[in-house]
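Enquirer: Structure file run_34.txt (compact mmCIF, C-alpha atoms) is given on the next line.
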# COMPACT_ATOMS: atom_id res chain seq x y z
CA MET A 1 -70.83 -123.53 -9.24
CA PHE A 2 -67.88 -124.21 -11.53
CA HIS A 3 -67.23 -120.49 -11.99
CA SER A 4 -67.48 -119.92 -8.24
CA ARG A 5 -64.89 -122.64 -7.56
CA LEU A 6 -62.65 -121.31 -10.33
CA HIS A 7 -62.88 -117.81 -8.86
CA SER A 8 -62.01 -119.12 -5.38
CA PHE A 9 -59.12 -121.11 -6.81
CA SER A 10 -57.80 -118.06 -8.66
CA ARG A 11 -58.00 -115.95 -5.51
CA LEU A 12 -56.13 -118.64 -3.59
CA MET A 13 -53.39 -118.82 -6.22
CA ILE A 14 -53.02 -115.04 -6.24
CA SER A 15 -52.79 -115.03 -2.45
CA LEU A 16 -50.18 -117.78 -2.48
CA THR A 17 -48.19 -116.02 -5.19
CA LEU A 18 -48.27 -112.73 -3.27
CA ALA A 19 -47.27 -114.50 -0.08
CA ALA A 20 -44.38 -116.22 -1.82
CA GLY A 21 -43.30 -112.96 -3.38
CA LEU A 22 -43.40 -111.15 -0.05
CA ALA A 23 -41.49 -113.98 1.59
CA ALA A 24 -38.85 -113.85 -1.13
CA LEU A 25 -38.67 -110.08 -0.80
CA ALA A 26 -38.31 -110.35 2.94
CA GLY A 27 -35.62 -112.98 2.47
CA GLY A 28 -33.81 -110.76 0.00
CA VAL A 29 -33.98 -107.78 2.33
CA LYS A 30 -32.76 -109.92 5.18
CA ALA A 31 -29.83 -111.17 3.10
CA GLN A 32 -29.01 -107.65 1.98
CA ASP A 33 -29.26 -106.26 5.49
CA LYS A 34 -27.26 -109.05 7.10
CA ARG A 35 -24.15 -106.88 7.21
CA GLN A 36 -25.44 -103.67 5.63
CA ASN A 37 -23.51 -100.73 7.11
CA THR A 38 -21.85 -102.87 9.77
CA PRO A 39 -18.40 -101.33 10.39
CA GLY A 40 -15.55 -103.52 9.21
CA GLU A 41 -17.72 -106.00 7.32
CA PHE A 42 -17.02 -105.48 3.63
CA ASP A 43 -15.19 -107.20 0.77
CA PHE A 44 -12.60 -104.78 -0.61
CA TYR A 45 -11.57 -101.15 -0.97
CA VAL A 46 -11.73 -98.73 -3.87
CA LEU A 47 -8.99 -96.11 -3.91
CA SER A 48 -10.34 -93.16 -5.84
CA LEU A 49 -7.83 -90.67 -7.27
CA SER A 50 -9.36 -87.47 -8.61
CA TRP A 51 -7.76 -85.48 -11.43
CA SER A 52 -7.67 -82.17 -9.56
CA PRO A 53 -7.62 -79.85 -12.63
CA SER A 54 -10.93 -81.35 -13.80
CA PHE A 55 -12.44 -80.87 -10.35
CA CYS A 56 -11.30 -77.24 -10.26
CA GLU A 57 -12.63 -76.41 -13.72
CA GLU A 58 -15.99 -77.94 -12.85
CA ALA A 59 -16.05 -76.05 -9.55
CA ALA A 60 -15.35 -72.80 -11.39
CA GLU A 61 -18.19 -73.50 -13.82
CA ARG A 62 -20.51 -73.98 -10.86
CA GLY A 63 -19.38 -70.65 -9.45
CA GLY A 64 -17.28 -71.90 -6.55
CA ARG A 65 -13.68 -72.94 -5.94
CA SER A 66 -11.94 -74.88 -3.22
CA GLN A 67 -9.29 -72.32 -2.31
CA ILE A 68 -6.79 -74.84 -0.97
CA GLN A 69 -7.08 -77.30 -3.81
CA CYS A 70 -7.60 -74.92 -6.70
CA SER A 71 -5.64 -71.82 -5.75
CA GLY A 72 -2.71 -73.24 -3.83
CA ARG A 73 0.15 -75.36 -5.09
CA PRO A 74 -0.46 -77.29 -8.31
CA TYR A 75 -2.18 -80.64 -7.83
CA ALA A 76 -2.42 -83.53 -10.28
CA PHE A 77 -4.06 -86.71 -8.99
CA VAL A 78 -5.29 -86.28 -5.41
CA VAL A 79 -6.97 -88.79 -3.14
CA HIS A 80 -10.74 -88.55 -3.24
CA GLY A 81 -11.18 -91.44 -0.83
CA LEU A 82 -10.67 -95.05 0.17
CA TRP A 83 -14.09 -96.68 0.04
CA PRO A 84 -15.14 -99.98 1.62
CA GLN A 85 -17.17 -102.00 -0.91
CA TYR A 86 -19.35 -105.09 -1.10
CA GLU A 87 -19.17 -107.27 -4.19
CA ASN A 88 -22.48 -105.57 -5.01
CA GLY A 89 -23.05 -102.13 -3.55
CA PHE A 90 -21.28 -100.48 -0.67
CA PRO A 91 -21.82 -99.41 2.94
CA GLU A 92 -21.96 -95.75 3.97
CA TYR A 93 -22.40 -93.66 7.12
CA CYS A 94 -21.91 -96.70 9.33
CA GLN A 95 -21.89 -94.70 12.58
CA ARG A 96 -24.33 -91.87 13.22
CA PRO A 97 -23.17 -89.57 14.59
CA SER A 98 -19.67 -90.44 13.44
CA PRO A 99 -16.85 -90.29 15.99
CA ARG A 100 -15.34 -86.82 16.06
CA LEU A 101 -12.32 -86.54 13.78
CA ASN A 102 -9.18 -85.15 15.39
CA ARG A 103 -8.05 -81.97 13.65
CA SER A 104 -4.41 -83.05 13.80
CA ILE A 105 -5.36 -85.94 11.51
CA VAL A 106 -7.01 -83.50 9.09
CA SER A 107 -3.86 -81.37 8.99
CA SER A 108 -1.68 -84.43 8.42
CA MET A 109 -3.71 -85.50 5.35
CA LEU A 110 -3.81 -82.22 3.44
CA ASP A 111 -0.87 -83.22 1.24
CA LEU A 112 -2.95 -86.08 -0.20
CA MET A 113 -6.50 -84.75 0.25
CA PRO A 114 -6.18 -80.96 -0.11
CA ALA A 115 -9.48 -79.84 1.43
CA PRO A 116 -10.54 -80.23 5.08
CA GLY A 117 -14.18 -80.60 4.06
CA LEU A 118 -13.30 -83.57 1.86
CA ILE A 119 -11.41 -85.26 4.71
CA PHE A 120 -14.27 -84.82 7.18
CA ASN A 121 -16.81 -86.08 4.63
CA GLU A 122 -14.75 -89.12 3.69
CA TRP A 123 -14.44 -90.10 7.35
CA ASP A 124 -18.17 -89.71 8.00
CA LYS A 125 -19.32 -91.53 4.87
CA HIS A 126 -16.63 -94.15 4.28
CA GLY A 127 -14.12 -94.23 7.11
CA THR A 128 -16.75 -95.18 9.68
CA CYS A 129 -17.45 -98.30 7.60
CA SER A 130 -13.85 -99.48 7.63
CA GLY A 131 -13.96 -100.77 11.19
CA LEU A 132 -10.77 -98.80 11.86
CA ALA A 133 -10.15 -95.96 14.29
CA ASP A 134 -9.75 -92.59 12.60
CA ARG A 135 -5.96 -92.49 12.72
CA SER A 136 -5.67 -96.06 11.44
CA TYR A 137 -8.09 -95.38 8.60
CA PHE A 138 -6.15 -92.39 7.34
CA GLU A 139 -2.87 -94.27 7.75
CA THR A 140 -4.42 -96.93 5.52
CA ILE A 141 -5.29 -94.27 2.95
CA ARG A 142 -1.68 -93.13 2.99
CA LYS A 143 -0.42 -96.70 2.55
CA ALA A 144 -2.87 -97.31 -0.30
CA ARG A 145 -1.80 -94.14 -2.08
CA ALA A 146 1.88 -94.97 -1.56
CA ALA A 147 1.29 -98.33 -3.25
CA ILE A 148 0.21 -96.62 -6.49
CA LYS A 149 2.73 -95.14 -8.91
CA ILE A 150 1.36 -92.32 -11.05
CA PRO A 151 2.56 -92.63 -14.66
CA ALA A 152 5.23 -90.03 -15.48
CA GLU A 153 3.16 -88.40 -18.24
CA TYR A 154 0.54 -87.28 -15.71
CA LEU A 155 2.86 -85.86 -13.04
CA ASP A 156 3.39 -82.46 -14.64
CA LEU A 157 0.80 -81.96 -17.34
CA SER A 158 1.36 -78.38 -18.51
CA GLN A 159 -1.06 -78.44 -21.44
CA ALA A 160 -4.52 -79.89 -21.88
CA LYS A 161 -4.39 -83.46 -23.13
CA THR A 162 -7.03 -85.43 -25.02
CA VAL A 163 -6.92 -89.07 -23.99
CA ALA A 164 -8.81 -92.31 -24.44
CA PRO A 165 -9.85 -93.74 -21.04
CA ALA A 166 -8.28 -97.07 -22.07
CA GLU A 167 -5.01 -95.25 -22.71
CA VAL A 168 -4.95 -93.90 -19.13
CA GLU A 169 -5.78 -97.34 -17.75
CA GLU A 170 -2.95 -98.91 -19.71
CA ALA A 171 -0.50 -96.28 -18.49
CA PHE A 172 -1.40 -97.09 -14.87
CA ILE A 173 -1.18 -100.82 -15.53
CA LYS A 174 2.26 -100.40 -17.10
CA ALA A 175 3.47 -98.30 -14.14
CA ASN A 176 2.07 -100.67 -11.50
CA PRO A 177 3.11 -104.34 -11.84
CA GLY A 178 0.27 -106.65 -10.86
CA LEU A 179 -2.49 -104.16 -11.73
CA SER A 180 -4.90 -105.44 -14.38
CA ASN A 181 -7.77 -104.02 -16.42
CA ALA A 182 -10.17 -105.86 -14.13
CA ALA A 183 -8.93 -103.88 -11.10
CA VAL A 184 -9.01 -100.34 -12.48
CA SER A 185 -11.57 -98.05 -14.07
CA ILE A 186 -11.73 -94.46 -15.29
CA THR A 187 -14.68 -92.16 -14.62
CA CYS A 188 -15.54 -89.05 -16.58
CA ASN A 189 -18.16 -86.37 -16.97
CA ARG A 190 -19.42 -85.14 -20.33
CA THR A 191 -16.02 -83.95 -21.53
CA ARG A 192 -13.34 -84.43 -18.85
CA LEU A 193 -11.57 -87.28 -17.14
CA SER A 194 -12.71 -87.23 -13.52
CA GLU A 195 -11.12 -90.05 -11.54
CA ILE A 196 -9.20 -93.27 -11.68
CA ARG A 197 -10.50 -95.96 -9.32
CA ILE A 198 -8.33 -98.87 -8.25
CA CYS A 199 -9.66 -101.89 -6.39
CA LEU A 200 -7.65 -103.21 -3.48
CA SER A 201 -8.09 -106.07 -1.06
CA LYS A 202 -8.26 -105.33 2.65
CA ASP A 203 -4.50 -105.86 2.78
CA LEU A 204 -4.11 -103.39 -0.12
CA GLN A 205 -3.32 -105.84 -2.92
CA PHE A 206 -4.76 -105.30 -6.40
CA ARG A 207 -7.95 -107.29 -6.99
CA ALA A 208 -10.64 -107.52 -9.65
CA CYS A 209 -13.95 -105.68 -9.16
CA GLU A 210 -16.55 -106.24 -11.86
CA GLU A 211 -19.14 -103.81 -10.52
CA ILE A 212 -16.68 -100.90 -10.40
CA ASP A 213 -15.51 -101.70 -13.92
CA ARG A 214 -19.11 -101.65 -15.17
CA ARG A 215 -19.45 -98.03 -14.02
CA ALA A 216 -16.40 -96.90 -16.01
CA CYS A 217 -16.36 -94.07 -18.54
CA ARG A 218 -17.68 -95.22 -21.92
CA ARG A 219 -16.51 -92.22 -23.96
CA ASP A 220 -13.92 -92.70 -26.67
CA GLN A 221 -12.00 -89.59 -25.66
CA VAL A 222 -11.96 -87.14 -22.76
CA THR A 223 -9.89 -84.11 -21.83
CA MET A 224 -7.39 -83.82 -18.99
CA PRO A 225 -7.09 -80.09 -18.17
CA PRO A 226 -3.52 -78.98 -17.36
CA ILE A 227 -2.09 -78.57 -13.88
CA ARG A 228 -2.26 -74.97 -12.71
CA GLY A 229 -1.40 -72.99 -9.60
CA GLY A 230 1.55 -72.79 -7.31
So, in terms of structure tokens, how does the structure I just supplied come out?
Expert:
Amino acid sequence: MFHSRLHSFSRLMISLTLAAGLAALAGGVKAQDKRQNTPGEFDFYVLSLSWSPSFCEEAAERGGRSQIQCSGRPYAFVVHGLWPQYENGFPEYCQRPSPRLNRSIVSSMLDLMPAPGLIFNEWDKHGTCSGLADRSYFETIRKARAAIKIPAEYLDLSQAKTVAPAEVEEAFIKANPGLSNAAVSITCNRTRLSEIRICLSKDLQFRACEEIDRRACRRDQVTMPPIRGG
């Protein structure tokens, strides 16, 4: 009898534990989904600037090249995107299908984002989450990029340069008053510097972003291939 009651009690406790776990899971999902992928509802932006020579060398190694970006005029840092972010995680593809992007906007952005495919993709994946109309979103990208000064040593890099990621961060911080280590991070692949990512408030002021910083490059040194083309 005792064992029977103990068995029933154990089954009850397991059921209650499972129910509590499912309820907590449901609550967590509900909290996560409260604004998940709702256009305009996010905490801050990340402006991602790609070191174009690294992109082009990697594209060549994969057997393909973006003709505009890699065979046209020389590019240094180019805009990869302006990404709406949550404090944890980020929205994406907030409208399916995304509103059709006017080709005149694409043409107007090629000086900053030198590949039409990149511009279309950034609108579909990130721009639709901004809550802005297409023209306003790309105007915001232009304003964000204009707010960042590229350090002089990276404007015309004619020879490959080995750098410490922290060194690049410090150069950007020195060139941009108000920017701090907590608002900028460097990304890399196995050997090359890939991007610099700068966190901005919705009104495009520098702001800290712990999660972005946690995903930064952890290598002691990386290479910045030289600027070519043009």
Enquirer: Which residues come within 10 Å of stretch 158-172 of chain A, counting only C-alpha atoms, excluding same-chain residues fewer than 4 positions away, as a PyMOL selection string?
Expert: chain A and resi 53+148-154+176-177+179-181+183-188+191-193+196-198+216-228
Enquirer: In Å, rounded to a single decimal, give me how far atom CA of A:Leu155 is from atom CA of A:Lys202.
Expert: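 Calculated distance between atom CA of A:Lys202 and atom CA of A:Leu155 is 27.4 Å.
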Enquirer: Tell me which protein, DNA and RNA residues are within 6 Å of stretch 120-128 of chain A, counting all atoms listed in the file, leaving out same-chain ones fewer than 3 positions away, and put them as a list in words.
Expert: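 The filter keeps Trp83, Glu92, Tyr93, Cys94, Gln95, Ser98 and Gly117 of chain A.
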Enquirer: Keeping C-alpha atoms, export the residues of the selection given above as a short mmCIF file (atom, residue, chain, number, x, y, z; two decimals), in the frame of the given file.
Expert:
data_model
loop_
_atom_site.label_atom_id
_atom_site.label_comp_id
_atom_site.auth_asym_id
_atom_site.auth_seq_id
_atom_site.Cartn_x
_atom_site.Cartn_y
_atom_site.Cartn_z
CA TRP A 83 -14.09 -96.68 0.04
CA GLU A 92 -21.96 -95.75 3.97
CA TYR A 93 -22.40 -93.66 7.12
CA CYS A 94 -21.91 -96.70 9.33
CA GLN A 95 -21.89 -94.70 12.58
CA SER A 98 -19.67 -90.44 13.44
CA GLY A 117 -14.18 -80.60 4.06
#
Enquirer: Might I get the box with edges along x, y and z of the file that holds all atoms of stretch 84-88 of chain A listed there, padded by 6 Å on every side, given as centre and edge lengths in Å to one decimal, as lines of an AutoDock Vina configuration file?
Expert:
center_x = -18.8
center_y = -103.6
center_z = -1.7
size_x = 19.3
size_y = 19.3
size_z = 18.6
Enquirer: So which residues touch stretch 75-80 of chain A within 8 Å, counting all atoms listed in the file, skipping near sequence neighbours fewer than 3 positions away, as a list in words?
Expert: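 Everything that qualifies: Leu47, Ser48, Leu49, Ser50, Trp51, Ser52, Pro53, Gln69, Cys70, Leu112, Met113, Pro114, Leu118, Arg145, Tyr154, Leu155, Asp156, Leu157, Ile227, Arg228 and Gly229 of chain A.
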Enquirer: Would you compute the distance between atom CA of A:Cys56 and atom CA of A:Ala146? Give it in Å to one decimal.
Expert: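 We find that atom CA of A:Cys56 and atom CA of A:Ala146 lie 23.7 Å from each other.
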Enquirer: Could you tell me which of A:Lys143, A:Phe55, A:Gly40, A:Leu101 comes closest to A:Leu204 if we count all atoms listed in the file?
Expert: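 Among the listed residues, the smallest separation from A:Leu204 belongs to A:Lys143.
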Enquirer: By how many Å are atom CA of A:Ser104 and atom CA of A:Val46 apart?
Expert: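 Distance between the two atoms: 24.7 Å.
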